[in-house]
Structure formats: structure tokens, C-alpha cells
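See structure below.
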Amino acid sequence: MIPRVPRLSSLWVRGTSASSAGATPAVGDVGRPWPSESQTARTSVQTSRVWRGGVGSARAGSLLAGAVRITAWIGRSHAPWSASGSWVRETAREAIMKKPRAAVGSRCRKRASSQEGREKCARSSAQAKPSAPNAGLARRQEEVELQASVSPYHLFRDTAEVTVFRESLLSWYDREKRDLPWRRQAEGEVDPDRRAYAVWVSEVMLQQTQVATVINYYTRWMQKWPTLQDLASASLEEVNQLWAGLGYYSRGRRLLQGARKVVEELGGHMPRTAETLQQLLPGVGRYTAGAIASIAFGQATGVVDGNVVRVLCRVRAIGADPSSTLVSQQLWSLAQQLVDPTRPGDFNQAAMDLGATVCTPQRPLCSQCPLQSLCRARQRVEREQLSASQSLPGSADVEECAPNTGQCQLCTPPTEPWDQSLGVANFPRKASRKSLREECSATCVLEQPRALGGARILLVQRPNSGLLAGLWEFPSVTMEPSEQCQGKALLQELQNWAGPLPATRLQHLGQVVHIFSHIKLIYQVYGLALEGQTPVTDTPPGARWLTREEFHTAAVSTAMKKVFRVYEGQRPGTCKGSRRATPSSRKKPSPGQQVLDSLFRPHIRTDTPSLKIAAQ
């Protein structure tokens, strides 16, 4: 006969709740929601809700786990409760006698001298609430559901395949890796913080930007700010000035914020793991954190960027939308399974290099690929070619992909038939592009040709948040595309910055179309030259007059440089003259730059770099 369970449950819950001095138990003798272990074991979500407000959510997880075990044990045996009763009493006694946890502040003070302590303190202060005790359970459940919907055809089923993948890719990388400045910087750096900083800057710059474009920016950046401490002491104006033309200007701003946080809050030491990098540094996401941790610190963590997505989707014939949550999770899981634990940084860079130079979006060089023997996309092409030569209808790999399970979650949708002309480029599936929001802006180049010290043009600073935050631009007003009274509104804006102006000289010169990541912005370009007027010397905060030479080196966006080229080409009034100082006269790229352009241009999704420049 089983004794009364509620009595044991009451003792256990009271003991567990009392393990923190001063804490108010979330459950007690009065109004207990779960009087027995079997009821306590019913749901982890309810447990976390009831425990909310108490201290130490880990104890709720322990209570739940113990209740589940007891309930399962009761189901298997009806033996007397003497043994389990002793265990419950001992557990309660240990909880009651356990010393209360120290406050977060005291823990931080004790561990502040160590790198691990600094990271833990920063995490404790950054996290406003404890993680739910059922978070791990939820993640495991998601993984189980994911695996149940995926055929083994898309996975690596044995260690031999994984070993061949690693060895083949790393051997190829040792022969063919690109000689890039950030790699030389990281390989030759002994100090781990400086090495991590060098990798961090390169990975941020390479987001949505061509390798050939980044090289010069990276070199100038590292010459100006070779260490985290140097960058932390810089101003946002200086960062924007060096970043001008690289696009996605929020990247530079977040690099500056991150460097200041490392210096001021982490004792000048970079976090050492992908998890802490992502948690503690602004603007560092899962990919960037994994890249820094693997390359700089040797952590065996996989990374997934656009190039790696393409490689994995082709090697495992994944035809579903790679931007979907399920496919993205599977790709990260594959990357983690494949990463070489002895050379994780080299492995991740090798996978990215392979996607950039061999497994390209169009016209991939399959004959040069070190993974062609493992590539299911290549196998599919060969089968389709054989079927076509034998006049047999082509068929999807259903018999290998998803036996008896219906449509696999990683397969190409049935609505998208195989395109023989694409070959392996049938993988991955191309995501549908979102339509760009169209906006219109009227902007004016206001010039003082006879200003003291030479001709000057007016620039005003954008707000510190939003698109192109903190950069300088010509005075502008946002307009509706169909609005006709642009000149009047623009003149009013100009007068706010420069005082009374002659409206009759405001001339429309043309338009500039600039594509940001999510906006198509049309600039209606105007020009106004202040001939014969007293030069304006006083300007309100947020405005300044610059010479042409100063304009070319200022923190202005590529869109404003386009606007200025229109003005220089059609300078109004008596300002027409030589175009020798226009930004359109670009210096011819060096031979090395031309080689990099020809080698790496195929893996960029956009045909024109200027069309991808944007700010977040």
C-alpha cells in the first residue's frame, strides 16, 4: 500500500522553496496548486509560472525533474515509499541548510579580476530576467521535431563522411586560400585580444560588401586604429569619415560602441566564446560571433553565411527556402557537425572561400571542387543527364530522400521543377525579393563661390539615429513623389540654415536614384549659387561650410557624392567651370585590385556595388 503522497510533496516543496533566505515561497501549504508529485510532474510551463517571483528558478527545475522521476518510478513499482521518503527528506534538508546565494554585485566584485568573471558580471547585468527552466527542454523538443521532418538523405549519416568532408576541404584550403590582409593580421598576432579585434573588424566590413572593396578600407582602419583601445578613443565623426562609401553605416557605429564597451566594462579583453561575444557586443550576431570565436580563439563552432549556405545546400541537395526557420536551423546544425575541432577557424574560412571562388551562384566550377564526391547536387545532375540521354523522364530523388514520409521539409517544393540548364545551381532555392519602398527627396547644393578662402558648399548633419545616422548631407526635404511644390519647401529648408536667399536662382538640375537595402530613394537635385552676396559666416549647430577638398574627405554617403556629381556637371549661374575636382574622376584601380575584382566578383549578389550601399 502506497502512503499518502501529499505529505511528502508538501515537505519537499517547502524545503526547496526555503533554500534562499528571505525568499517568499511561490508555493506553500495554503492553496498549493500541486498537492502530489504526479501533479507536480504534469507540466514544466506551469511550474515556471508558479515559481515566478521566487528566487532561484533552477530549484523549480530540480523539483520538476525529481517529480517526474518519482512519478515514473511509481508507475513501474508499488514498493513502499520508505526509500523515496528518505530521499525527499534529505533533499529538503540540504535545500534548507544551503547558504543563501550572494547578490550579483558581490559576485561581480569577487570575480572582477578574471576574464571569465568580467564576462559573467556583464552578462548578469545585461540580463533582466532569469532564463525559464524549460528553455532547454523546448530547444530539445524543437530539435526532435526538426529531425522527424528531415530525411537522412540530407544529413551526414556516419563519421566517415564527415571525416572525408573535413580533410578534403582543409587540404584544398591549404593549397588555394586567398591571401587577404585580415588573415595575415590574425595569423601573425600573438595577443588574443588584438587578434580577435582584427577578425571582428574584417567580419563586420565584409557583411554585404565585396572583398575587393573592403581591402582598402580595412587597411586604412587598422593603420588608424590598430587596437581596441585606439578605436574606443575615437569619435563617431572620425569613424563615419573613414567608413564613408562603404555602406551600411550602422556597422561602423556599432564597432565603435563595442570597442568602448570592451575597454570600459570588460577590462580591455574580448569575450572568448561565441555565446558571450553575441551576448555582450552590440551588433555582433550569431555568424560574426562564431567567426571571431573560431578564428581568433579556436572554438569549435560552425558558422553559416551566404557562401556556406550555398555549399551546404548543394552538398546535401537542400532545395527548400534557406531563409525559413526550419532550413536555417538545419544548416546551422550541419555546420556545427562538420566543423573541424582541431582547425575550426581554418575550416570555417575554407567553407566561405569555397563558396566565394568555386561553388559560386552562377557557373560553379564543379570540376575544381574538393567536395564533388560528396555533392548530392552533382549526383542529381548526373542522373538527370543520364535520364535525358536514355529518353527517360527525369525524377526527383524521392526514393532516397523521404521514403514513406511524404514530402521532405528540405526538398525542393513540387511547384518548382528541375531546370536542366541550371545544373547544381538549382540549389539553393532563390528567395523571393521584397519590393523596395520608394521615397522622394528634394536636395540642394548651396554654394558660396566667393567665400573667404575659396568656394564653399553647405552641409548639414543627419540625426543620430535612423538611415545614414550622423552623416553629413546637402540640405534636403522629404517629398511625395507626385508633389509639385518641391522648390518652395526646399528654399524654406535652406533659409533655416543660411538665412534669406534669392528664390529665383534655385535651379532644378536632374535626379539621382539610389538603392538602399530596403528603400529606393529618388533625389531631385537643385543648385543655388550665392553670387554677389555677402558671404555667410555664421551657421547654426549641425551645419558647416566646406571646401570641395574637405567635402571629398568628409563623412558623406555615396548618394550625396552622386548628387554632387550632378551639380558639378551642370553648375548653375556663373559657377560653370572646370570639373577637375569632381569625385567622378576616380583613380584607376591597382593591378592587384583588378585581379581581386575579377576573381571575387561572381559571389556578390549585386552587380553594382553602389546599388547595395545602405545604412541600418
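We name chains A, B, ... following the order of the C-alpha cells; residues begin at 1 in each chain, and ligands are numbered from 1 as shown.
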Q: Please identify all polymer residues within 9 Å of Ala431 in chain A, counting only C-alpha atoms, omitting same-chain residues fewer than 2 positions from it, and present them as a PyMOL selection string.
A: chain A and resi 321-323+428-429+433
Please, could you write that set of residues out with all heavy atoms as a JSON list (two decimals), in the first residue's frame?
```
[["chain", "number", "residue", "atom", "x", "y", "z"],
["A", 321, "ASP", "N", 13.51, 26.68, -49.03],
["A", 321, "ASP", "CA", 13.92, 28.08, -48.85],
["A", 321, "ASP", "C", 14.92, 28.18, -47.69],
["A", 321, "ASP", "O", 14.55, 27.94, -46.54],
["A", 321, "ASP", "CB", 12.69, 28.94, -48.57],
["A", 321, "ASP", "CG", 13.02, 30.41, -48.44],
["A", 321, "ASP", "OD1", 14.21, 30.77, -48.58],
["A", 321, "ASP", "OD2", 12.10, 31.20, -48.18],
["A", 322, "PRO", "N", 16.19, 28.55, -47.93],
["A", 322, "PRO", "CA", 17.18, 28.60, -46.85],
["A", 322, "PRO", "C", 16.92, 29.70, -45.83],
["A", 322, "PRO", "O", 17.50, 29.68, -44.75],
["A", 322, "PRO", "CB", 18.51, 28.83, -47.59],
["A", 322, "PRO", "CG", 18.11, 29.46, -48.88],
["A", 322, "PRO", "CD", 16.77, 28.90, -49.24],
["A", 323, "SER", "N", 16.05, 30.65, -46.17],
["A", 323, "SER", "CA", 15.76, 31.71, -45.20],
["A", 323, "SER", "C", 14.68, 31.31, -44.21],
["A", 323, "SER", "O", 14.44, 32.03, -43.23],
["A", 323, "SER", "CB", 15.32, 32.99, -45.94],
["A", 323, "SER", "OG", 14.10, 32.77, -46.64],
["A", 428, "PRO", "N", 20.97, 26.58, -53.91],
["A", 428, "PRO", "CA", 19.75, 26.56, -53.10],
["A", 428, "PRO", "C", 18.62, 27.32, -53.79],
["A", 428, "PRO", "O", 18.85, 28.02, -54.79],
["A", 428, "PRO", "CB", 20.18, 27.30, -51.83],
["A", 428, "PRO", "CG", 21.21, 28.28, -52.32],
["A", 428, "PRO", "CD", 21.94, 27.56, -53.44],
["A", 429, "ARG", "N", 17.45, 27.18, -53.25],
["A", 429, "ARG", "CA", 16.30, 27.89, -53.79],
["A", 429, "ARG", "C", 16.48, 29.39, -53.59],
["A", 429, "ARG", "O", 16.87, 29.84, -52.53],
["A", 429, "ARG", "CB", 15.04, 27.42, -53.08],
["A", 429, "ARG", "CG", 13.77, 28.11, -53.52],
["A", 429, "ARG", "CD", 12.62, 27.63, -52.66],
["A", 429, "ARG", "NE", 11.40, 28.38, -52.93],
["A", 429, "ARG", "CZ", 10.31, 28.28, -52.17],
["A", 429, "ARG", "NH1", 10.31, 27.47, -51.12],
["A", 429, "ARG", "NH2", 9.23, 28.97, -52.47],
["A", 433, "ARG", "N", 12.45, 38.23, -53.68],
["A", 433, "ARG", "CA", 12.89, 39.54, -53.21],
["A", 433, "ARG", "C", 11.69, 40.41, -52.84],
["A", 433, "ARG", "O", 10.69, 40.43, -53.55],
["A", 433, "ARG", "CB", 13.71, 40.24, -54.30],
["A", 433, "ARG", "CG", 15.07, 39.59, -54.55],
["A", 433, "ARG", "CD", 15.91, 40.46, -55.47],
["A", 433, "ARG", "NE", 17.24, 39.90, -55.65],
["A", 433, "ARG", "CZ", 18.21, 40.49, -56.37],
["A", 433, "ARG", "NH1", 17.95, 41.66, -56.95],
["A", 433, "ARG", "NH2", 19.38, 39.93, -56.49]]
```
Q | For Gly487 in chain A, the nearest of the candidates A:Val512, A:Leu459, A:Leu528, A:Met222, counting only C-alpha atoms | A |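 Looking only at the distances to Gly487 in chain A, the closest residue turns out to be A:Leu528.
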Give one line per residue of range 307-406 of chain A that approaches range 280-292 of chain A to at most 9 Å, naming the two atoms of the closest pair and their distance in Å to one decimal, counting only C-alpha atoms; sort by chain then ascending residue number and deliver it as JSON lines.
```
{"residue": "A:Gly345", "atom": "CA", "partner": "A:Ala291", "partner_atom": "CA", "distance": 7.2}
{"residue": "A:Asn348", "atom": "CA", "partner": "A:Ala291", "partner_atom": "CA", "distance": 7.4}
{"residue": "A:Gln349", "atom": "CA", "partner": "A:Ala291", "partner_atom": "CA", "distance": 8.4}
```
Can I get the selected residues back with C-alpha atoms, as a CSV table (one decimal), in the first residue's frame?
```csv
chain,number,residue,atom,x,y,z
A,345,GLY,CA,39.0,28.8,-37.9
A,348,ASN,CA,35.1,28.0,-41.5
A,349,GLN,CA,37.2,30.2,-43.7
```
